[in-house]
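Okay, entry.pdb is below, PDB, C-alpha atoms and all ligand atoms:
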ATOM      1  CA  MET A  28      78.761 105.282  98.659
ATOM      2  CA  MET A  29      79.094 109.033  99.022
ATOM      3  CA  SER A  30      79.060 108.875 102.800
ATOM      4  CA  THR A  31      81.799 106.230 102.784
ATOM      5  CA  LEU A  32      83.942 108.540 100.688
ATOM      6  CA  LYS A  33      83.249 111.384 103.082
ATOM      7  CA  GLN A  34      84.194 109.208 106.007
ATOM      8  CA  ILE A  35      87.394 108.199 104.310
ATOM      9  CA  SER A  36      88.364 111.770 103.504
ATOM     10  CA  ALA A  37      87.492 112.914 107.030
ATOM     11  CA  ALA A  38      89.772 110.198 108.346
ATOM     12  CA  ALA A  39      92.512 111.248 105.910
ATOM     13  CA  ILE A  40      92.252 114.875 107.008
ATOM     14  CA  ALA A  41      92.351 113.856 110.659
ATOM     15  CA  THR A  42      95.503 111.846 109.965
ATOM     16  CA  VAL A  43      97.170 114.768 108.212
ATOM     17  CA  LEU A  44      96.310 117.051 111.135
ATOM     18  CA  LEU A  45      97.772 114.557 113.586
ATOM     19  CA  VAL A  46     100.975 114.330 111.579
ATOM     20  CA  LEU A  47     101.248 118.131 111.405
ATOM     21  CA  GLN A  48     100.675 118.373 115.162
ATOM     22  CA  ALA A  49     103.343 115.765 115.763
ATOM     23  CA  HIS A  50     105.793 117.795 113.683
ATOM     24  CA  ALA A  51     105.010 120.988 115.580
ATOM     25  CA  GLN A  52     105.506 119.051 118.803
ATOM     26  CA  ASP A  53     108.876 117.713 117.611
ATOM     27  CA  ALA A  54     110.065 121.187 116.732
ATOM     28  CA  ALA A  55     109.028 122.506 120.159
ATOM     29  CA  ASP A  56     110.795 119.593 121.842
ATOM     30  CA  GLY A  57     113.780 120.202 119.610
ATOM     31  CA  GLN A  58     113.996 123.826 120.678
ATOM     32  CA  ARG A  59     113.871 122.904 124.367
ATOM     33  CA  LEU A  60     116.391 120.089 123.887
ATOM     34  CA  PHE A  61     118.676 122.342 121.878
ATOM     35  CA  GLN A  62     118.719 124.882 124.711
ATOM     36  CA  GLN A  63     119.451 122.152 127.234
ATOM     37  CA  ARG A  64     122.026 120.132 125.328
ATOM     38  CA  CYS A  65     123.685 122.613 122.974
ATOM     39  CA  GLY A  66     122.756 126.084 124.224
ATOM     40  CA  ALA A  67     125.713 126.437 126.572
ATOM     41  CA  CYS A  68     128.080 126.407 123.589
ATOM     42  CA  HIS A  69     126.009 127.248 120.499
ATOM     43  CA  GLN A  70     123.649 130.067 119.522
ATOM     44  CA  VAL A  71     121.103 129.484 116.804
ATOM     45  CA  ASP A  72     118.949 132.610 116.872
ATOM     46  CA  SER A  73     121.913 134.922 116.502
ATOM     47  CA  THR A  74     125.200 134.700 114.641
ATOM     48  CA  ARG A  75     127.256 135.150 117.795
ATOM     49  CA  ASN A  76     129.802 132.437 118.444
ATOM     50  CA  GLY A  77     130.403 130.984 121.886
ATOM     51  CA  VAL A  78     132.524 128.024 122.857
ATOM     52  CA  GLY A  79     131.240 126.632 119.555
ATOM     53  CA  PRO A  80     130.282 128.364 116.295
ATOM     54  CA  HIS A  81     126.750 129.685 115.812
ATOM     55  CA  LEU A  82     124.451 127.158 114.161
ATOM     56  CA  GLN A  83     122.152 129.443 112.211
ATOM     57  CA  GLY A  84     121.473 127.806 108.850
ATOM     58  CA  VAL A  85     123.810 124.949 109.708
ATOM     59  CA  ILE A  86     121.930 122.505 107.490
ATOM     60  CA  GLY A  87     123.417 122.995 104.053
ATOM     61  CA  ARG A  88     126.490 124.720 105.464
ATOM     62  CA  THR A  89     130.037 123.500 104.882
ATOM     63  CA  ALA A  90     131.697 122.264 108.071
ATOM     64  CA  GLY A  91     134.101 124.847 109.424
ATOM     65  CA  GLY A  92     132.252 127.489 107.431
ATOM     66  CA  VAL A  93     131.741 130.293 109.973
ATOM     67  CA  GLU A  94     134.552 132.674 109.154
ATOM     68  CA  SER A  95     134.516 134.425 112.513
ATOM     69  CA  PHE A  96     135.010 131.161 114.420
ATOM     70  CA  ARG A  97     138.339 129.502 115.026
ATOM     71  CA  TYR A  98     137.797 125.806 114.306
ATOM     72  CA  SER A  99     140.058 122.853 114.916
ATOM     73  CA  PRO A 100     142.092 121.963 111.831
ATOM     74  CA  ALA A 101     140.160 118.672 111.856
ATOM     75  CA  MET A 102     136.789 120.393 111.430
ATOM     76  CA  GLN A 103     138.180 122.897 108.959
ATOM     77  CA  GLY A 104     139.547 120.159 106.753
ATOM     78  CA  SER A 105     136.706 117.661 107.102
ATOM     79  CA  GLY A 106     135.021 118.528 103.807
ATOM     80  CA  ILE A 107     131.604 117.750 105.303
ATOM     81  CA  ASN A 108     128.471 119.419 104.065
ATOM     82  CA  TRP A 109     126.036 119.343 106.972
ATOM     83  CA  ASP A 110     122.773 117.575 106.257
ATOM     84  CA  ALA A 111     120.446 115.744 108.642
ATOM     85  CA  ALA A 112     122.208 112.408 108.187
ATOM     86  CA  GLN A 113     125.723 113.783 108.776
ATOM     87  CA  LEU A 114     124.550 115.760 111.788
ATOM     88  CA  ASP A 115     123.045 112.610 113.254
ATOM     89  CA  ILE A 116     126.325 110.734 112.851
ATOM     90  CA  PHE A 117     128.319 113.682 114.231
ATOM     91  CA  LEU A 118     126.141 114.136 117.324
ATOM     92  CA  THR A 119     126.244 110.421 118.084
ATOM     93  CA  ASN A 120     130.033 110.546 118.296
ATOM     94  CA  PRO A 121     131.722 113.735 117.054
ATOM     95  CA  ALA A 122     135.245 112.339 117.068
ATOM     96  CA  GLY A 123     134.068 109.253 115.208
ATOM     97  CA  LEU A 124     133.156 111.428 112.229
ATOM     98  CA  VAL A 125     135.685 114.239 112.624
ATOM     99  CA  ARG A 126     138.742 112.816 114.271
ATOM    100  CA  GLY A 127     140.423 115.544 116.310
ATOM    101  CA  THR A 128     137.367 117.779 116.648
ATOM    102  CA  ARG A 129     137.177 119.988 119.722
ATOM    103  CA  MET A 130     133.525 119.094 120.256
ATOM    104  CA  THR A 131     133.584 116.082 122.533
ATOM    105  CA  GLN A 132     130.007 115.677 123.799
ATOM    106  CA  ARG A 133     128.161 112.611 122.541
ATOM    107  CA  PHE A 134     124.407 112.471 122.328
ATOM    108  CA  ALA A 135     123.248 108.897 122.669
ATOM    109  CA  LYS A 136     119.476 109.303 122.413
ATOM    110  CA  ALA A 137     118.323 108.931 118.808
ATOM    111  CA  ASP A 138     114.937 110.576 119.426
ATOM    112  CA  GLU A 139     116.614 113.616 120.997
ATOM    113  CA  ARG A 140     119.074 113.948 118.112
ATOM    114  CA  LYS A 141     116.188 113.739 115.656
ATOM    115  CA  ALA A 142     114.186 116.437 117.454
ATOM    116  CA  ILE A 143     117.224 118.735 117.690
ATOM    117  CA  ILE A 144     118.081 118.259 114.012
ATOM    118  CA  GLU A 145     114.476 118.942 112.988
ATOM    119  CA  PHE A 146     114.597 122.104 115.068
ATOM    120  CA  LEU A 147     117.901 123.178 113.466
ATOM    121  CA  ALA A 148     116.314 122.745 110.043
ATOM    122  CA  THR A 149     113.880 125.526 110.959
ATOM    123  CA  ARG A 150     116.659 128.011 111.739
TER     124      ARG A 150
HETATM  125  C1  LIG A 201     130.708 122.051 125.527
HETATM  126  C2  LIG A 201     130.476 122.796 124.304
HETATM  127  C3  LIG A 201     129.618 122.187 123.211
HETATM  128  C4  LIG A 201     128.376 121.585 123.304
HETATM  129  C5  LIG A 201     127.550 121.316 124.559
HETATM  130  C6  LIG A 201     127.964 121.294 121.950
HETATM  131  N1  LIG A 201     128.931 121.680 121.064
HETATM  132 FE1  LIG A 201     128.830 121.594 119.044
HETATM  133  N2  LIG A 201     130.709 122.360 118.891
HETATM  134  C7  LIG A 201     131.493 122.771 119.958
HETATM  135  C8  LIG A 201     132.774 123.220 119.467
HETATM  136  C9  LIG A 201     133.942 123.740 120.315
HETATM  137  C10 LIG A 201     132.742 123.071 118.070
HETATM  138  C11 LIG A 201     133.877 123.334 117.083
HETATM  139  C12 LIG A 201     134.588 122.013 116.887
HETATM  140  C13 LIG A 201     135.871 122.063 116.093
HETATM  141  O1  LIG A 201     136.277 123.138 115.612
HETATM  142  O2  LIG A 201     136.469 120.983 115.949
HETATM  143  C14 LIG A 201     131.430 122.536 117.743
HETATM  144  C15 LIG A 201     130.994 122.267 116.451
HETATM  145  C16 LIG A 201     129.725 121.864 116.121
HETATM  146  C17 LIG A 201     129.241 121.683 114.771
HETATM  147  C18 LIG A 201     130.013 121.960 113.489
HETATM  148  C19 LIG A 201     129.649 123.382 113.059
HETATM  149  C20 LIG A 201     130.331 123.888 111.809
HETATM  150  O3  LIG A 201     130.230 125.119 111.580
HETATM  151  O4  LIG A 201     130.948 123.125 111.065
HETATM  152  C21 LIG A 201     127.941 121.301 114.867
HETATM  153  C22 LIG A 201     126.999 121.013 113.719
HETATM  154  C23 LIG A 201     127.625 121.225 116.263
HETATM  155  N3  LIG A 201     128.723 121.568 116.995
HETATM  156  C24 LIG A 201     126.371 120.885 116.761
HETATM  157  C25 LIG A 201     126.081 120.751 118.122
HETATM  158  C26 LIG A 201     124.778 120.377 118.614
HETATM  159  C27 LIG A 201     123.545 120.150 117.746
HETATM  160  C28 LIG A 201     124.896 120.284 119.968
HETATM  161  C29 LIG A 201     123.855 119.818 120.953
HETATM  162  C30 LIG A 201     123.208 118.544 120.688
HETATM  163  C31 LIG A 201     126.253 120.643 120.319
HETATM  164  N4  LIG A 201     126.936 120.924 119.170
HETATM  165  C32 LIG A 201     126.750 120.710 121.606
HETATM  166  C33 LIG A 201     131.119 122.771 121.279
HETATM  167  C34 LIG A 201     129.958 122.233 121.800
END
Let's see the structure in the file written out as structure tokens.
Ligand code: HEC
Amino acid sequence: MMSTLKQISAAAIATVLLVLQAHAQDAADGQRLFQQRCGACHQVDSTRNGVGPHLQGVIGRTAGGVESFRYSPAMQGSGINWDAAQLDIFLTNPAGLVRGTRMTQRFAKADERKAIIEFLATR
């Protein structure tokens, strides 16, 4: 009886460790993907703006919220509060969510969007 319980809890711990590893892996992938897909226009480890506004702390931020960046009127007036779900919709097709936005790149791969968004949540 006792050994069965021990086996079960060992298995549970192993599962938790696997899940944690998977998350760490996602975040590492997300960082690499962010640099590749977004890094030309967006900084996330500094508050410097480039072609696009910096994305530090973007999750929870109001769209158009970086005062030092000159947004399109569309983004400024969108009234969006960025969370993971809205970011996913935006990245899939920016103009579909914010008609008239100056960000035009679409990111079709759901797993890449997910990894990038998980990475952004850590910054
Ligand atoms: C070619 C340049 C370019 C690339 C690449 C790019 N963006 Fe953008 N992004 C912009 C511009 C320009 C804006 C401002 C849009 C506006 O004002 O309408 C913007 C705006 C945003 C916003 C809104 C920010 C805010 O403060 O409201 C988010 C979020 C965003 N981008 C995320 C991303 C992510 C994540 C990637 C990569 C998957 C990415 N962008 C790739 C140029 C780019």
query = Taking the file as shown, what set of residues would the PyMOL selection byres (((not hetatm)) within 9 of (chain A and resi 201)) give back, as number ranges by chain?
reply = A: 60-69, 77-82, 85-86, 88-93, 96-103, 105, 107-109, 113-115, 117-118, 121-122, 125-134, 139-140, 143-144, 147
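Atom CA of A:Asp72 is positioned 9.7 Å from atom CA of A:Gly84.
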inquiry  = Quick check, in Å to one decimal: how far apart do atom CA of A:Val46 and atom CA of A:Lys136 lie?
reply    =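 Distance reported for this atom pair: 22.0 Å.
The space separating atom CA of A:Gln58 from atom CA of A:Phe146 comes to 5.9 Å.
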remark   = A:Ala55 proximity check over A:Arg150, A:Gly106, A:Ala112, A:Ala142, using all atoms listed in the file: winner is A:Ala142
Would you mind writing stretch 64-99 of chain A with N, CA and C atoms, as a PDB file, keeping the file's coordinate frame?
ATOM      1  N   ARG A  64     120.867 120.962 125.678  1.00  0.00           N
ATOM      2  CA  ARG A  64     122.026 120.132 125.328  1.00  0.00           C
ATOM      3  C   ARG A  64     123.117 120.913 124.597  1.00  0.00           C
ATOM      4  N   CYS A  65     122.741 121.939 123.863  1.00  0.00           N
ATOM      5  CA  CYS A  65     123.685 122.613 122.974  1.00  0.00           C
ATOM      6  C   CYS A  65     123.854 124.085 123.336  1.00  0.00           C
ATOM      7  N   GLY A  66     122.835 124.641 124.026  1.00  0.00           N
ATOM      8  CA  GLY A  66     122.756 126.084 124.224  1.00  0.00           C
ATOM      9  C   GLY A  66     123.915 126.693 124.992  1.00  0.00           C
ATOM     10  N   ALA A  67     124.580 125.907 125.812  1.00  0.00           N
ATOM     11  CA  ALA A  67     125.713 126.437 126.572  1.00  0.00           C
ATOM     12  C   ALA A  67     126.865 126.824 125.640  1.00  0.00           C
ATOM     13  N   CYS A  68     126.944 126.180 124.498  1.00  0.00           N
ATOM     14  CA  CYS A  68     128.080 126.407 123.589  1.00  0.00           C
ATOM     15  C   CYS A  68     127.678 127.003 122.240  1.00  0.00           C
ATOM     16  N   HIS A  69     126.432 126.822 121.843  1.00  0.00           N
ATOM     17  CA  HIS A  69     126.009 127.248 120.499  1.00  0.00           C
ATOM     18  C   HIS A  69     124.787 128.161 120.549  1.00  0.00           C
ATOM     19  N   GLN A  70     124.826 129.227 119.758  1.00  0.00           N
ATOM     20  CA  GLN A  70     123.649 130.067 119.522  1.00  0.00           C
ATOM     21  C   GLN A  70     123.042 129.655 118.184  1.00  0.00           C
ATOM     22  N   VAL A  71     121.718 129.772 118.101  1.00  0.00           N
ATOM     23  CA  VAL A  71     121.103 129.484 116.804  1.00  0.00           C
ATOM     24  C   VAL A  71     120.208 130.634 116.345  1.00  0.00           C
ATOM     25  N   ASP A  72     119.787 131.479 117.265  1.00  0.00           N
ATOM     26  CA  ASP A  72     118.949 132.610 116.872  1.00  0.00           C
ATOM     27  C   ASP A  72     119.751 133.893 116.729  1.00  0.00           C
ATOM     28  N   SER A  73     121.061 133.787 116.832  1.00  0.00           N
ATOM     29  CA  SER A  73     121.913 134.922 116.502  1.00  0.00           C
ATOM     30  C   SER A  73     123.172 134.349 115.859  1.00  0.00           C
ATOM     31  N   THR A  74     123.975 135.184 115.282  1.00  0.00           N
ATOM     32  CA  THR A  74     125.200 134.700 114.641  1.00  0.00           C
ATOM     33  C   THR A  74     126.408 134.924 115.552  1.00  0.00           C
ATOM     34  N   ARG A  75     126.139 135.043 116.838  1.00  0.00           N
ATOM     35  CA  ARG A  75     127.256 135.150 117.795  1.00  0.00           C
ATOM     36  C   ARG A  75     127.842 133.771 118.064  1.00  0.00           C
ATOM     37  N   ASN A  76     129.139 133.691 118.099  1.00  0.00           N
ATOM     38  CA  ASN A  76     129.802 132.437 118.444  1.00  0.00           C
ATOM     39  C   ASN A  76     130.027 132.382 119.946  1.00  0.00           C
ATOM     40  N   GLY A  77     130.063 131.170 120.481  1.00  0.00           N
ATOM     41  CA  GLY A  77     130.403 130.984 121.886  1.00  0.00           C
ATOM     42  C   GLY A  77     131.591 130.051 121.938  1.00  0.00           C
ATOM     43  N   VAL A  78     131.496 129.069 122.829  1.00  0.00           N
ATOM     44  CA  VAL A  78     132.524 128.024 122.857  1.00  0.00           C
ATOM     45  C   VAL A  78     132.539 127.322 121.492  1.00  0.00           C
ATOM     46  N   GLY A  79     131.361 127.193 120.900  1.00  0.00           N
ATOM     47  CA  GLY A  79     131.240 126.632 119.555  1.00  0.00           C
ATOM     48  C   GLY A  79     130.709 127.686 118.599  1.00  0.00           C
ATOM     49  N   PRO A  80     130.772 127.408 117.306  1.00  0.00           N
ATOM     50  CA  PRO A  80     130.282 128.364 116.295  1.00  0.00           C
ATOM     51  C   PRO A  80     128.755 128.475 116.340  1.00  0.00           C
ATOM     52  N   HIS A  81     128.215 129.594 115.885  1.00  0.00           N
ATOM     53  CA  HIS A  81     126.750 129.685 115.812  1.00  0.00           C
ATOM     54  C   HIS A  81     126.234 128.658 114.806  1.00  0.00           C
ATOM     55  N   LEU A  82     125.001 128.223 115.011  1.00  0.00           N
ATOM     56  CA  LEU A  82     124.451 127.158 114.161  1.00  0.00           C
ATOM     57  C   LEU A  82     123.281 127.638 113.309  1.00  0.00           C
ATOM     58  N   GLN A  83     123.226 128.949 113.072  1.00  0.00           N
ATOM     59  CA  GLN A  83     122.152 129.443 112.211  1.00  0.00           C
ATOM     60  C   GLN A  83     122.380 128.939 110.785  1.00  0.00           C
ATOM     61  N   GLY A  84     121.361 128.317 110.226  1.00  0.00           N
ATOM     62  CA  GLY A  84     121.473 127.806 108.850  1.00  0.00           C
ATOM     63  C   GLY A  84     122.493 126.697 108.689  1.00  0.00           C
ATOM     64  N   VAL A  85     122.728 125.937 109.763  1.00  0.00           N
ATOM     65  CA  VAL A  85     123.810 124.949 109.708  1.00  0.00           C
ATOM     66  C   VAL A  85     123.525 123.852 108.681  1.00  0.00           C
ATOM     67  N   ILE A  86     122.239 123.542 108.482  1.00  0.00           N
ATOM     68  CA  ILE A  86     121.930 122.505 107.490  1.00  0.00           C
ATOM     69  C   ILE A  86     122.127 123.095 106.098  1.00  0.00           C
ATOM     70  N   GLY A  87     123.030 122.473 105.356  1.00  0.00           N
ATOM     71  CA  GLY A  87     123.417 122.995 104.053  1.00  0.00           C
ATOM     72  C   GLY A  87     124.733 123.754 104.100  1.00  0.00           C
ATOM     73  N   ARG A  88     125.244 123.974 105.305  1.00  0.00           N
ATOM     74  CA  ARG A  88     126.490 124.720 105.464  1.00  0.00           C
ATOM     75  C   ARG A  88     127.676 123.766 105.337  1.00  0.00           C
ATOM     76  N   THR A  89     128.811 124.285 104.902  1.00  0.00           N
ATOM     77  CA  THR A  89     130.037 123.500 104.882  1.00  0.00           C
ATOM     78  C   THR A  89     130.623 123.494 106.281  1.00  0.00           C
ATOM     79  N   ALA A  90     131.074 122.355 106.745  1.00  0.00           N
ATOM     80  CA  ALA A  90     131.697 122.264 108.071  1.00  0.00           C
ATOM     81  C   ALA A  90     132.885 123.218 108.144  1.00  0.00           C
ATOM     82  N   GLY A  91     133.013 123.890 109.266  1.00  0.00           N
ATOM     83  CA  GLY A  91     134.101 124.847 109.424  1.00  0.00           C
ATOM     84  C   GLY A  91     133.843 126.133 108.664  1.00  0.00           C
ATOM     85  N   GLY A  92     132.567 126.397 108.353  1.00  0.00           N
ATOM     86  CA  GLY A  92     132.252 127.489 107.431  1.00  0.00           C
ATOM     87  C   GLY A  92     132.005 128.859 108.045  1.00  0.00           C
ATOM     88  N   VAL A  93     131.967 128.974 109.371  1.00  0.00           N
ATOM     89  CA  VAL A  93     131.741 130.293 109.973  1.00  0.00           C
ATOM     90  C   VAL A  93     133.081 131.010 110.072  1.00  0.00           C
ATOM     91  N   GLU A  94     133.232 132.056 109.278  1.00  0.00           N
ATOM     92  CA  GLU A  94     134.552 132.674 109.154  1.00  0.00           C
ATOM     93  C   GLU A  94     135.057 133.278 110.452  1.00  0.00           C
ATOM     94  N   SER A  95     134.097 133.761 111.283  1.00  0.00           N
ATOM     95  CA  SER A  95     134.516 134.425 112.513  1.00  0.00           C
ATOM     96  C   SER A  95     134.847 133.435 113.628  1.00  0.00           C
ATOM     97  N   PHE A  96     134.731 132.147 113.369  1.00  0.00           N
ATOM     98  CA  PHE A  96     135.010 131.161 114.420  1.00  0.00           C
ATOM     99  C   PHE A  96     136.305 130.421 114.126  1.00  0.00           C
ATOM    100  N   ARG A  97     137.077 130.218 115.177  1.00  0.00           N
ATOM    101  CA  ARG A  97     138.339 129.502 115.026  1.00  0.00           C
ATOM    102  C   ARG A  97     138.129 128.008 115.287  1.00  0.00           C
ATOM    103  N   TYR A  98     138.053 127.250 114.219  1.00  0.00           N
ATOM    104  CA  TYR A  98     137.797 125.806 114.306  1.00  0.00           C
ATOM    105  C   TYR A  98     139.092 125.029 114.542  1.00  0.00           C
ATOM    106  N   SER A  99     138.923 123.778 114.924  1.00  0.00           N
ATOM    107  CA  SER A  99     140.058 122.853 114.916  1.00  0.00           C
ATOM    108  C   SER A  99     140.434 122.607 113.451  1.00  0.00           C
TER     109      SER A  99
END
